[in-house]
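Beneath this line is the structure, given in structure tokens, with notes to follow.
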Amino acid sequence: MNSYHAMTKNDVLAELNITEQGLTGKDALQRLKKYGENDLPEKKKRSRIGIFLDQFKNYLIFILLVAAVTEIFIGKYTEAFAIFLVLLINAALGCTQEYKAQTSIEALRKISAPKAKVLRDGVRTQIDSSKIVPGDIIFLETGDRVPADARLLEIVNLAAEESSLTGESIPVEKTIEALQRTNMVFQGTIIVKGRGTAVVTATGINTEIGKIAELIQSEEESTPLEIKLEQLGKHIGYIVGFICIVVFVTGFFRGEEKFNLFLTTVSLAVAAIPEGLPIVVTLTSAIGIQRMAKKNALIRRLPSVETLGSTTVICTDKTGTLTCNQMTVKKIYANRDVVEVTGVGYSTEGNFSKDPEDFDILLKAGALCNDASIAGQNFGDPTEIALLVCAAKAGQIKEDLEKETPRTSEIPFTPERKYMITIHGNTAYAKGAPDILLTLCDSVLINGKSIKLTIKEKDEILAAFQKLAGDALRVLGIAYKPGEFSEKGFIFLGLQGMMDPPRKEVKEEIQKCRNAGIKVVMITGDHPYTAAAIGKQIGLEVKILTGKQIDELPDLNSVVEDIIIFARVSPEHKLRIVEALKSHGHIVAMTGDGVNDAPALKKADIGIAMGISGTDVAKEASDMILSDDNFKSIVSAVEEGRGIYENIKKFLRFQLSTNAGAILTVFIGTLAGLPLPLTALQLLWINVIVDGPPALSLSVEPLDPESMKQPPRNPREQILSRKMLIHIFAIGYMMAIGTLGIFSYMLSIGSPKAQTLAFTTFVFFQLFNVLNCRSDIHSIFKIGFFSNRTSILSITGVILIQAAIVYFPQVQGAFGTVSLSLKDWLFSAAIASSIFIAFEISKSIKNRKKTI
């Protein structure tokens, strides 16, 4: 770590060869090349070759490789080559799945990479933390995670929690004095209070945390569903192992050729044991998560995907999520009168219905008691930006005002305090919730004169406040105090009412949630009148409970089910609301953006942080980040979560039913005294289909447009429910009976095509099964054959390869096939289509019962 303990601010900047304007873009690029990206070393990822080789770390595959080598020694070169080829294809498919899952998760991490606020070319801007270089001037605020080791230049009440480095959870108060560690901030630590600027001294592996990065790396945890499926795979493996032993022993005593019997038995185990089930979850989830990212919902934790589809309550902030979060001051209350303000958005073009000279100190106070900036690029809270824009319409520019009266101290806003104070020389300016701010005041300014704040005056102000709030305006009170500072004796200046209209799409999205059995709850720090006005506009029932009423309630659990809007609440109330809803068995999604929202986000089943306005602390406590802070993105994520879970079920239904079909075909055939209906290589080819493109096409099945008309999934529901197990067994049994039926029939007439037809029929069964599994509710004719083009292409590809296996002399010997006539193909397809027809009829009957 570089130290600058005896240096002034200018000394530090000079040492790093930068100015107060920060680095230029050119300098930053050169330093990035010199020092590298600001990333910590990560655990080494498995290479594609490593993943490919891992596919052979399976004792059954190893046995088949040994068998293939044996085939070479006994002169069966074609058969040996075919086994090698099929095993290579199988390994390539497995490798592709795992590598794609790994790279997809890595890509998602990069999408949700942390940002940092820096000064480049004299302009405050936001960049990826990985692009920070030594010499960058960074801005730090409450809730930020420090992006790099840095020497503090300017601070206001700054404190950092450094437990990630020291293990000590007590915040460290910072200073700019030349002390050992308190004039430094360190990468990975959290700013828990205040704000400041600092110059970066070390990045990446050269930071304090970089030196111990390898010690604090953790293993990636499997999701609950992955663990369940891994256990399921093992249980199926035991059953399949037992059946394979029975098949081998029965065939052995019946006089089957020993080597082929052994090879077929092992191939059956390979085809029937679903060892790749956990990868199915990861891959399907990763594909779905990428779709979510395109809809502005960034998933941080894979297990949360499984929970999204079960969400029963969405607790959402009002400002920025349900509303547009582009505040515009529309009305000012000053001198006992209302002033209209014109203008759109953040444009400084606009006028006042009365002379702004009459309330210039109110505008000045709103601009100075403010942490935002509209110089060049807008930075800061939209509410504060609105105050700056309003002041600028009257010619009052924050930067000019601060040059005349620079800020010397401040009391920052907190959700509990509900106001902010800044001190500029001998004058303090305050803004905050009007009803709270009035408790600090004993006077009110009327036409330039300070008069006593009587009960009558206070009632008039509160009546004006309620009138503005009832017009769906967000209202802030403004006050000031000349002379010696204390938090009493302020002079009330007036009110500024800001319009933040609801997003156009919100009302429709809330109705979509109702149709999906999801309750939407609005949570806001705003006044109940403002909350009620917005609630009416977006279609929420106005059943309101305030934070004060929550505090007075002996038991929130008894009333929480009836409340739709919570107003004037603090982060602590959010936590209580989550706990109360969960006590009723709800699966709760909760939004948040502040440092103090972190406990509620962690407690919720799905913690949702705001990507634009959210602090780093909130983002790291969350399961999901909204890159656009939009309520619609939450609803889209829930819909995608339902779709992902359904696609996992489709994949499992297909894979397990085909596995069941293969094992039952050989097992029942053996018990019935028939010759082996399928050869070793035929079973291995079936395994390729089970794990290959036809199966994978189910993971990209488009969302069911009616998924948000169904109630939420019970989180305690087993993915392999009794209904699904019956479905799997029924399909497997139909496959076995159909395959063995055609096999025994062809044997009875002495046809040499028996095994080839049985093999082709079973392949056709799989392809019809893919179509079945695309939806367990809707007919394929309703969702459309071509709505999943990947599925159609993969089915076509399998048919073409199957034809090659049947007709090409070079592979006929290895696979034990003979040429088939067109009549044979049609006969085979007709038999296999029975499962498609049966389940189409089943779906039709179910849907008809629902409409009756």
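Labels for the structure tokens follow display order: chains A, B, ..., residues from 1 in each chain, ligands from 1.
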Mind checking which residues fall within 6 Å of segment 424-441 of chain A, counting only C-alpha atoms, ignoring those fewer than 3 positions away in the same chain, and posting them as a VMD selection string? chain A and resid 365 369 405 to 408 418 to 421 476 to 483 488 to 491
Out of segment 492-735 of chain A, which residues get strand (DSSP E or B) from DSSP, as a ChimeraX atom specification? /A:492-499,502,519-523,544-546,565-567,588-592,606-610,624-626
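Atom CA of Lys603 of chain A lies 17.8 Å from atom CA of Gly309 of chain A.
Taking atom CA of Asp317 of chain A as the reference point, atom CA of Thr524 of chain A is found at 5.6 Å.
Omitting Ala464 of chain A and its sequence neighbours fewer than 4 positions away, and counting only C-alpha atoms, the residues within 9 Å are Tyr333, Arg336, Asp337, Val338, Asp459, Glu460, Leu468, Ala469 and Leu495 of chain A.
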Those selected residues, please, written with C-alpha atoms and delivered as a PDB file, in the first residue's frame.
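Final output, saved to result37.pdb:
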```
ATOM      1  CA  TYR A 333     -46.175  27.395  -1.391  1.00  0.00           C
ATOM      2  CA  ARG A 336     -49.270  32.016   2.215  1.00  0.00           C
ATOM      3  CA  ASP A 337     -49.845  31.553  -1.508  1.00  0.00           C
ATOM      4  CA  VAL A 338     -49.388  28.888  -4.174  1.00  0.00           C
ATOM      5  CA  ASP A 459     -52.274  24.714  10.518  1.00  0.00           C
ATOM      6  CA  GLU A 460     -52.354  26.762   7.301  1.00  0.00           C
ATOM      7  CA  LEU A 468     -50.411  19.518  -2.524  1.00  0.00           C
ATOM      8  CA  ALA A 469     -49.956  15.917  -1.377  1.00  0.00           C
ATOM      9  CA  LEU A 495     -43.035  24.147   0.403  1.00  0.00           C
TER      10      LEU A 495
END
```
Based on the backbone DSSP call, show me all residues of segment 147-198 of chain A assigned alpha helix (DSSP H), as number ranges by chain. A: 163-166
Output file for the selection above: N, CA and C atoms, as a compact mmCIF listing (two decimals), in the first residue's frame:
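For reference, out.txt as written:
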```txt
# COMPACT_ATOMS: atom_id res chain seq x y z
N SER A 163 -14.83 -4.60 8.33
CA SER A 163 -14.76 -5.97 8.85
C SER A 163 -14.23 -6.96 7.81
N SER A 164 -14.41 -6.66 6.52
CA SER A 164 -13.91 -7.56 5.48
C SER A 164 -12.40 -7.66 5.51
N LEU A 165 -11.74 -6.63 6.08
CA LEU A 165 -10.28 -6.63 6.19
C LEU A 165 -9.80 -6.98 7.59
N THR A 166 -10.45 -6.35 8.58
CA THR A 166 -9.95 -6.46 9.95
C THR A 166 -10.74 -7.42 10.82
```
List every residue of segment 779-816 of chain A that has an atom at most 12 Å from any atom of segment 759-769 of chain A, giving for each one its closest atom pair and the distance in Å to one decimal, counting only C-alpha atoms, sorted by chain and then by ascending residue number, as a tab-separated table.
```
residue	atom	partner	partner_atom	distance
A:Ile780	CA	A:Phe768	CA	10.8
A:Phe785	CA	A:Phe768	CA	11.8
A:Ser791	CA	A:Leu767	CA	9.5
A:Ile792	CA	A:Leu767	CA	9.7
A:Leu793	CA	A:Leu767	CA	11.5
A:Ser794	CA	A:Leu767	CA	9.3
A:Ile795	CA	A:Leu767	CA	6.2
A:Thr796	CA	A:Leu767	CA	9.3
A:Gly797	CA	A:Leu767	CA	10.8
A:Val798	CA	A:Leu767	CA	8.4
A:Ile799	CA	A:Phe764	CA	8.3
A:Leu800	CA	A:Val763	CA	11.8
A:Ile801	CA	A:Val763	CA	10.9
A:Gln802	CA	A:Thr760	CA	7.4
A:Ala803	CA	A:Thr760	CA	9.0
A:Ala804	CA	A:Thr760	CA	11.7
A:Ile805	CA	A:Thr760	CA	9.8
A:Val806	CA	A:Thr760	CA	8.5
A:Phe815	CA	A:Phe759	CA	9.8
A:Gly816	CA	A:Phe759	CA	9.8
```
Could the residues in this selection be saved with N, CA and C atoms as a tab-separated table (two decimals), in the first residue's frame?
```
chain	number	residue	atom	x	y	z
A	780	ILE	N	-50.02	-28.85	-28.92
A	780	ILE	CA	-48.94	-28.37	-29.79
A	780	ILE	C	-49.51	-27.52	-30.93
A	785	PHE	N	-46.17	-25.45	-33.87
A	785	PHE	CA	-45.01	-26.31	-34.11
A	785	PHE	C	-43.73	-25.49	-34.24
A	791	SER	N	-36.36	-26.61	-31.53
A	791	SER	CA	-36.93	-27.95	-31.36
A	791	SER	C	-37.15	-28.62	-32.72
A	792	ILE	N	-37.74	-27.89	-33.67
A	792	ILE	CA	-38.01	-28.45	-35.00
A	792	ILE	C	-36.72	-28.79	-35.72
A	793	LEU	N	-35.72	-27.92	-35.64
A	793	LEU	CA	-34.43	-28.18	-36.29
A	793	LEU	C	-33.75	-29.40	-35.70
A	794	SER	N	-33.80	-29.54	-34.36
A	794	SER	CA	-33.15	-30.69	-33.72
A	794	SER	C	-33.86	-31.99	-34.08
A	795	ILE	N	-35.19	-31.96	-34.15
A	795	ILE	CA	-35.95	-33.16	-34.55
A	795	ILE	C	-35.60	-33.55	-35.98
A	796	THR	N	-35.54	-32.56	-36.86
A	796	THR	CA	-35.17	-32.82	-38.25
A	796	THR	C	-33.77	-33.42	-38.34
A	797	GLY	N	-32.86	-32.86	-37.56
A	797	GLY	CA	-31.47	-33.36	-37.56
A	797	GLY	C	-31.39	-34.80	-37.11
A	798	VAL	N	-32.14	-35.17	-36.06
A	798	VAL	CA	-32.13	-36.55	-35.56
A	798	VAL	C	-32.67	-37.51	-36.62
A	799	ILE	N	-33.74	-37.11	-37.30
A	799	ILE	CA	-34.32	-37.98	-38.34
A	799	ILE	C	-33.31	-38.23	-39.46
A	800	LEU	N	-32.61	-37.19	-39.88
A	800	LEU	CA	-31.60	-37.33	-40.95
A	800	LEU	C	-30.46	-38.26	-40.52
A	801	ILE	N	-30.00	-38.10	-39.26
A	801	ILE	CA	-28.91	-38.97	-38.78
A	801	ILE	C	-29.41	-40.41	-38.62
A	802	GLN	N	-30.66	-40.56	-38.17
A	802	GLN	CA	-31.23	-41.90	-38.05
A	802	GLN	C	-31.30	-42.58	-39.42
A	803	ALA	N	-31.66	-41.80	-40.43
A	803	ALA	CA	-31.70	-42.35	-41.79
A	803	ALA	C	-30.31	-42.78	-42.24
A	804	ALA	N	-29.31	-42.00	-41.90
A	804	ALA	CA	-27.92	-42.35	-42.25
A	804	ALA	C	-27.50	-43.65	-41.57
A	805	ILE	N	-27.89	-43.81	-40.30
A	805	ILE	CA	-27.56	-45.03	-39.55
A	805	ILE	C	-28.22	-46.25	-40.18
A	806	VAL	N	-29.44	-46.04	-40.68
A	806	VAL	CA	-30.20	-47.15	-41.26
A	806	VAL	C	-29.70	-47.51	-42.66
A	815	PHE	N	-23.99	-50.55	-36.06
A	815	PHE	CA	-25.23	-50.34	-35.32
A	815	PHE	C	-26.19	-51.52	-35.42
A	816	GLY	N	-25.85	-52.49	-36.25
A	816	GLY	CA	-26.73	-53.66	-36.40
A	816	GLY	C	-28.03	-53.33	-37.09
```
What's around Asp628 of chain A at 10 Å? Count only C-alpha atoms, leave out sequence neighbours fewer than 4 positions away in its own chain, and write the answer as an MDAnalysis selection string. chainID A and resid 295:297 320:321 610:613 632:633
Selection near Pro502 of chain A, 8 Å with only C-alpha atoms, sequence-local residues under 2 positions removed, as a ChimeraX atom specification: /A:322-324,500,504,506,534,537-538
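Proximity of A:Ala830, A:Gly233, A:Ala758, A:Ile731 to Tyr745 of chain A, computed with only C-alpha atoms, is greatest for A:Ala758.
Considering only C-alpha atoms, the residue among A:Arg254, A:Lys849, A:Lys364, A:Lys507 positioned nearest to Glu541 of chain A is A:Lys507.
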Close residues, Lys330 of chain A itself excluded, 7 Å, only C-alpha atoms, min 5 positions apart in chain, as a PyMOL selection string: chain A and resi 340-342+497-499
Report, in Å to a single decimal, how far apart atom CA of Gly135 of chain A and atom CA of Tyr35 of chain A are. 11.1 Å
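Distance annotation: of A:Ser636, A:Ile835, A:Val280, A:Gly643, the residue with the minimal separation from Thr96 of chain A is A:Val280; atom set is only C-alpha atoms.
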I'd like the contact shell of segment 569-579 of chain A - 6 Å cut-off, only C-alpha atoms, skipping same-chain residues fewer than 5 positions apart - returned as an MDAnalysis selection string. chainID A and resid 415 525 547 596:597 600
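For the residues A:Ala391, A:Ala618, A:Leu725, A:Val770, ranking by smallest atom-to-atom distance to Phe654 of chain A using only C-alpha atoms places A:Val770 first.
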